[in-house]
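Here is the file query19.csv (CSV, C-alpha atoms and all ligand atoms).
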```csv
chain,number,residue,atom,x,y,z
P,1,MET,CA,65.5,3.7,2.9
P,2,SER,CA,63.6,0.6,2.1
P,3,ASP,CA,61.0,-0.5,4.6
P,4,THR,CA,61.9,-4.1,4.1
P,5,ILE,CA,65.2,-6.1,4.2
P,6,SER,CA,65.7,-8.6,1.4
P,7,CYS,CA,67.5,-11.7,2.4
P,8,SER,CA,68.8,-14.8,0.6
P,9,CYS,CA,70.8,-17.9,1.5
P,10,LEU,CA,74.2,-18.4,0.0
P,11,CYS,CA,73.0,-20.4,-3.0
P,12,GLY,CA,69.9,-18.4,-3.6
P,13,THR,CA,67.5,-21.3,-3.2
P,14,VAL,CA,65.7,-19.5,-0.3
P,15,THR,CA,64.8,-15.8,-0.3
P,16,PHE,CA,62.6,-13.8,2.0
P,17,THR,CA,62.0,-10.3,3.2
P,18,VAL,CA,61.4,-8.9,6.6
P,19,THR,CA,59.7,-5.7,7.5
P,20,TRP,CA,62.3,-3.2,8.8
P,21,PRO,CA,62.4,-4.2,12.5
P,22,ASP,CA,62.5,-2.0,15.6
P,23,HIS,CA,65.5,-4.0,16.5
P,24,VAL,CA,67.1,-7.4,15.9
P,25,THR,CA,68.3,-9.8,18.5
P,26,SER,CA,71.8,-11.4,19.0
P,27,CYS,CA,71.4,-14.2,21.5
P,28,ASN,CA,74.1,-16.1,23.2
P,29,CYS,CA,72.2,-19.4,23.8
P,30,SER,CA,73.9,-22.6,22.8
P,31,ALA,CA,72.1,-22.6,19.4
P,32,CYS,CA,72.2,-18.9,18.4
P,33,ARG,CA,75.8,-18.4,19.3
P,34,ARG,CA,76.8,-21.2,17.0
P,35,TYR,CA,74.6,-20.1,14.2
P,36,MET,CA,75.8,-16.5,14.5
P,37,ALA,CA,72.3,-15.4,13.7
P,38,LEU,CA,70.7,-11.9,14.0
P,39,TRP,CA,67.0,-12.5,14.5
P,40,ALA,CA,64.2,-10.2,13.3
P,41,TYR,CA,61.2,-11.4,15.2
P,42,ASP,CA,58.0,-11.9,13.3
P,43,PRO,CA,54.7,-10.5,14.5
P,44,PRO,CA,52.5,-12.3,11.9
P,45,GLY,CA,53.2,-11.0,8.4
P,46,THR,CA,56.5,-9.4,8.7
P,47,LEU,CA,58.6,-12.4,7.5
P,48,THR,CA,57.6,-13.2,3.9
P,49,PHE,CA,59.2,-16.0,1.9
P,50,THR,CA,59.7,-15.0,-1.7
P,51,LYS,CA,61.3,-18.3,-2.8
P,52,GLY,CA,62.1,-21.7,-1.5
P,53,GLU,CA,60.1,-21.8,1.8
P,54,GLY,CA,59.8,-25.6,1.3
P,55,GLU,CA,63.5,-26.0,0.6
P,56,THR,CA,64.7,-25.8,4.2
P,57,VAL,CA,65.5,-28.5,6.7
P,58,ALA,CA,64.4,-28.1,10.3
P,59,PHE,CA,66.6,-29.0,13.3
P,60,THR,CA,64.8,-29.3,16.7
P,61,ARG,CA,66.5,-29.3,20.0
P,62,GLY,CA,65.4,-31.4,23.0
P,63,ASP,CA,63.0,-28.8,24.3
P,64,HIS,CA,60.9,-29.1,21.1
P,65,GLU,CA,59.8,-25.5,21.3
P,66,LEU,CA,61.2,-24.3,18.1
P,67,ALA,CA,62.9,-25.5,15.0
P,68,PHE,CA,65.9,-23.9,13.3
P,69,HIS,CA,65.7,-24.0,9.6
P,70,HIS,CA,68.6,-24.0,7.1
P,71,CYS,CA,68.8,-24.3,3.3
P,72,GLN,CA,69.2,-27.9,2.4
P,73,THR,CA,71.6,-27.0,-0.4
P,74,CYS,CA,74.0,-24.4,1.1
P,75,GLY,CA,73.4,-24.8,4.8
P,76,ALA,CA,72.7,-21.1,5.6
P,77,VAL,CA,70.4,-20.7,8.6
P,78,THR,CA,67.3,-18.9,7.4
P,79,HIS,CA,64.8,-18.7,10.2
P,80,TRP,CA,63.4,-20.4,13.2
P,81,GLN,CA,59.8,-21.5,13.6
P,82,GLY,CA,57.9,-22.1,16.8
P,83,ILE,CA,56.5,-25.6,17.1
P,84,VAL,CA,54.0,-25.0,19.9
P,85,ASN,CA,53.0,-21.6,18.5
P,86,ASP,CA,53.3,-19.6,15.3
P,87,ARG,CA,56.2,-17.4,16.4
P,88,ARG,CA,59.1,-17.2,14.0
P,89,ALA,CA,62.1,-15.0,13.3
P,90,GLY,CA,64.2,-14.5,10.2
P,91,ASN,CA,68.0,-14.3,10.1
P,92,VAL,CA,68.9,-10.9,8.8
P,93,ARG,CA,72.6,-12.0,8.5
P,94,LEU,CA,71.3,-13.2,5.2
P,95,ALA,CA,70.7,-9.6,4.1
P,96,ASP,CA,71.5,-9.1,0.4
P,97,ASP,CA,72.9,-5.7,1.3
P,98,PRO,CA,75.4,-6.2,4.1
P,99,ASP,CA,75.4,-2.5,4.9
P,100,VAL,CA,71.9,-2.9,6.3
P,101,LEU,CA,73.4,-4.6,9.4
P,102,ASP,CA,75.1,-1.4,10.4
P,103,ARG,CA,71.8,0.4,10.5
P,104,LEU,CA,70.0,-2.0,12.8
P,105,ARG,CA,69.6,-1.6,16.5
P,106,VAL,CA,70.8,-4.8,18.2
P,107,HIS,CA,69.5,-6.2,21.4
P,108,TYR,CA,72.0,-8.5,23.0
P,109,PHE,CA,70.0,-11.2,24.7
P,110,ASP,CA,71.4,-13.5,27.4
P,111,GLY,CA,69.5,-16.6,26.3
P,112,ALA,CA,72.3,-18.7,27.9
P,113,ASP,CA,71.5,-17.7,31.4
P,114,SER,CA,69.3,-14.8,32.7
P,115,TRP,CA,66.9,-14.5,29.7
P,116,THR,CA,67.2,-10.7,29.8
P,117,THR,CA,68.6,-8.1,27.4
P,118,ILE,CA,72.1,-7.3,28.6
P,119,ARG,CA,72.9,-4.4,26.3
P,120,ILE,CA,71.5,-2.5,23.3
P,121,GLU,CA,73.6,-1.1,20.5
P,122,GLY,CA,72.7,1.1,17.5
V,201,ZN,ZN,71.0,-22.1,-0.1
```
Would you write out, as structure tokens, the structure that this file holds?
Amino acid sequence: MSDTISCSCLCGTVTFTVTWPDHVTSCNCSACRRYMALWAYDPPGTLTFTKGEGETVAFTRGDHELAFHHCQTCGAVTHWQGIVNDRRAGNVRLADDPDVLDRLRVHYFDGADSWTTIRIEG
């Protein structure tokens, strides 16, 4: 099994890898539930852009704590980036091998309300 997950946006402009994560997070906050993202959080160095890092567009909500980035060509949500710190997370829904998603442990995070993990699967 590879120790990284290769990801790319729909049109291939943006590609990145993430180190195989302990788990990924599915969050139900107003942004994440709309984006349908599965986030692999990034201790420094685990999210590596291989192409197109400067080709994304950032969207920032009112709290200005983080920016959601998407490919400016195809619209796929690639990652979020902290504004007040260097935290970020890659969206592994963009995995080149969709079977990867079945092998990931998923933490379901209640970002809409309690800010706690409400269940773990996988
Ligand atoms: Zn694209």
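Those residues that approach Val57 of chain P to within 7 Å, counting only C-alpha atoms, are His69, His70, Cys71 and Gln72 of chain P; same-chain residues fewer than 6 positions away are not listed.
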Surrounding residues as a PyMOL selection string, ligand ZN 201 (chain V), max 7 Å, only C-alpha atoms and all ligand atoms: chain P and resi 9-14+71-76
Which segment 6-59 of chain P residues have any atom within 12 Å of an atom of segment 93-100 of chain P, and for each, what is the nearest pair of atoms with distance in Å to one decimal, counting only C-alpha atoms, rows sorted by chain and number, as JSON lines?
```
{"residue": "P:Ser6", "atom": "CA", "partner": "P:Ala95", "partner_atom": "CA", "distance": 5.8}
{"residue": "P:Cys7", "atom": "CA", "partner": "P:Ala95", "partner_atom": "CA", "distance": 4.2}
{"residue": "P:Ser8", "atom": "CA", "partner": "P:Leu94", "partner_atom": "CA", "distance": 5.5}
{"residue": "P:Cys9", "atom": "CA", "partner": "P:Leu94", "partner_atom": "CA", "distance": 6.0}
{"residue": "P:Leu10", "atom": "CA", "partner": "P:Leu94", "partner_atom": "CA", "distance": 7.9}
{"residue": "P:Cys11", "atom": "CA", "partner": "P:Leu94", "partner_atom": "CA", "distance": 11.0}
{"residue": "P:Gly12", "atom": "CA", "partner": "P:Asp96", "partner_atom": "CA", "distance": 10.2}
{"residue": "P:Val14", "atom": "CA", "partner": "P:Leu94", "partner_atom": "CA", "distance": 10.1}
{"residue": "P:Thr15", "atom": "CA", "partner": "P:Leu94", "partner_atom": "CA", "distance": 8.9}
{"residue": "P:Phe16", "atom": "CA", "partner": "P:Leu94", "partner_atom": "CA", "distance": 9.3}
{"residue": "P:Thr17", "atom": "CA", "partner": "P:Ala95", "partner_atom": "CA", "distance": 8.8}
{"residue": "P:Val18", "atom": "CA", "partner": "P:Ala95", "partner_atom": "CA", "distance": 9.7}
{"residue": "P:Trp20", "atom": "CA", "partner": "P:Val100", "partner_atom": "CA", "distance": 9.9}
{"residue": "P:Pro21", "atom": "CA", "partner": "P:Val100", "partner_atom": "CA", "distance": 11.4}
{"residue": "P:Val24", "atom": "CA", "partner": "P:Arg93", "partner_atom": "CA", "distance": 10.3}
{"residue": "P:Thr25", "atom": "CA", "partner": "P:Arg93", "partner_atom": "CA", "distance": 11.1}
{"residue": "P:Ser26", "atom": "CA", "partner": "P:Arg93", "partner_atom": "CA", "distance": 10.5}
{"residue": "P:Tyr35", "atom": "CA", "partner": "P:Arg93", "partner_atom": "CA", "distance": 10.1}
{"residue": "P:Met36", "atom": "CA", "partner": "P:Arg93", "partner_atom": "CA", "distance": 8.2}
{"residue": "P:Ala37", "atom": "CA", "partner": "P:Arg93", "partner_atom": "CA", "distance": 6.2}
{"residue": "P:Leu38", "atom": "CA", "partner": "P:Arg93", "partner_atom": "CA", "distance": 5.8}
{"residue": "P:Trp39", "atom": "CA", "partner": "P:Arg93", "partner_atom": "CA", "distance": 8.2}
{"residue": "P:Ala40", "atom": "CA", "partner": "P:Arg93", "partner_atom": "CA", "distance": 9.8}
```
Those same residues - C-alpha atoms - I'd like them written as a PDB file, in the frame of the given file.
```
ATOM      1  CA  SER P   6      65.700  -8.600   1.400  1.00  0.00           C
ATOM      2  CA  CYS P   7      67.500 -11.700   2.400  1.00  0.00           C
ATOM      3  CA  SER P   8      68.800 -14.800   0.600  1.00  0.00           C
ATOM      4  CA  CYS P   9      70.800 -17.900   1.500  1.00  0.00           C
ATOM      5  CA  LEU P  10      74.200 -18.400   0.000  1.00  0.00           C
ATOM      6  CA  CYS P  11      73.000 -20.400  -3.000  1.00  0.00           C
ATOM      7  CA  GLY P  12      69.900 -18.400  -3.600  1.00  0.00           C
ATOM      8  CA  VAL P  14      65.700 -19.500  -0.300  1.00  0.00           C
ATOM      9  CA  THR P  15      64.800 -15.800  -0.300  1.00  0.00           C
ATOM     10  CA  PHE P  16      62.600 -13.800   2.000  1.00  0.00           C
ATOM     11  CA  THR P  17      62.000 -10.300   3.200  1.00  0.00           C
ATOM     12  CA  VAL P  18      61.400  -8.900   6.600  1.00  0.00           C
ATOM     13  CA  TRP P  20      62.300  -3.200   8.800  1.00  0.00           C
ATOM     14  CA  PRO P  21      62.400  -4.200  12.500  1.00  0.00           C
ATOM     15  CA  VAL P  24      67.100  -7.400  15.900  1.00  0.00           C
ATOM     16  CA  THR P  25      68.300  -9.800  18.500  1.00  0.00           C
ATOM     17  CA  SER P  26      71.800 -11.400  19.000  1.00  0.00           C
ATOM     18  CA  TYR P  35      74.600 -20.100  14.200  1.00  0.00           C
ATOM     19  CA  MET P  36      75.800 -16.500  14.500  1.00  0.00           C
ATOM     20  CA  ALA P  37      72.300 -15.400  13.700  1.00  0.00           C
ATOM     21  CA  LEU P  38      70.700 -11.900  14.000  1.00  0.00           C
ATOM     22  CA  TRP P  39      67.000 -12.500  14.500  1.00  0.00           C
ATOM     23  CA  ALA P  40      64.200 -10.200  13.300  1.00  0.00           C
TER      24      ALA P  40
END
```
Separation of atom CA of Glu121 of chain P from atom CA of Asp102 of chain P in Å: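 Spanning atom CA of Asp102 of chain P to atom CA of Glu121 of chain P is a straight-line distance of 10.2 Å.
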Atom-to-atom span, atom CA of Phe49 of chain P and atom CA of Asp110 of chain P, Å: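 Separation of atom CA of Phe49 of chain P and atom CA of Asp110 of chain P: 28.4 Å.
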Straight-line distance linking atom CA of Val84 of chain P with atom CA of His64 of chain P, stated in Å to one decimal: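 Computed distance, atom CA of Val84 of chain P to atom CA of His64 of chain P, equals 8.1 Å.
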Counting all atoms listed in the file, the residue of P:His23, P:Arg119, P:Lys51, P:Arg87 that sits nearest Arg105 of chain P: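 Once distances to Arg105 of chain P are computed over all atoms listed in the file, the minimum belongs to P:His23.
Minimum distance to Asp22 of chain P across P:Thr60, P:Leu66, P:Thr46, P:Arg34 (counting all atoms listed in the file) occurs at P:Thr46.
The closest residue to Pro43 of chain P, picked from P:Val92, P:Asn85, P:Ala67, P:Asn28 and counting all atoms listed in the file, is P:Asn85.
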Given only C-alpha atoms as the counted atoms, nearest of P:Gly122, P:Asn91, P:Glu53, P:Trp115 to Arg103 of chain P: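 Of the candidates, the smallest distance to Arg103 of chain P is held by P:Gly122.
Taking only C-alpha atoms into account, Ala31 of chain P lies nearest to P:Gly111 out of the set P:Thr48, P:Asp86, P:Gly111, P:Glu65.
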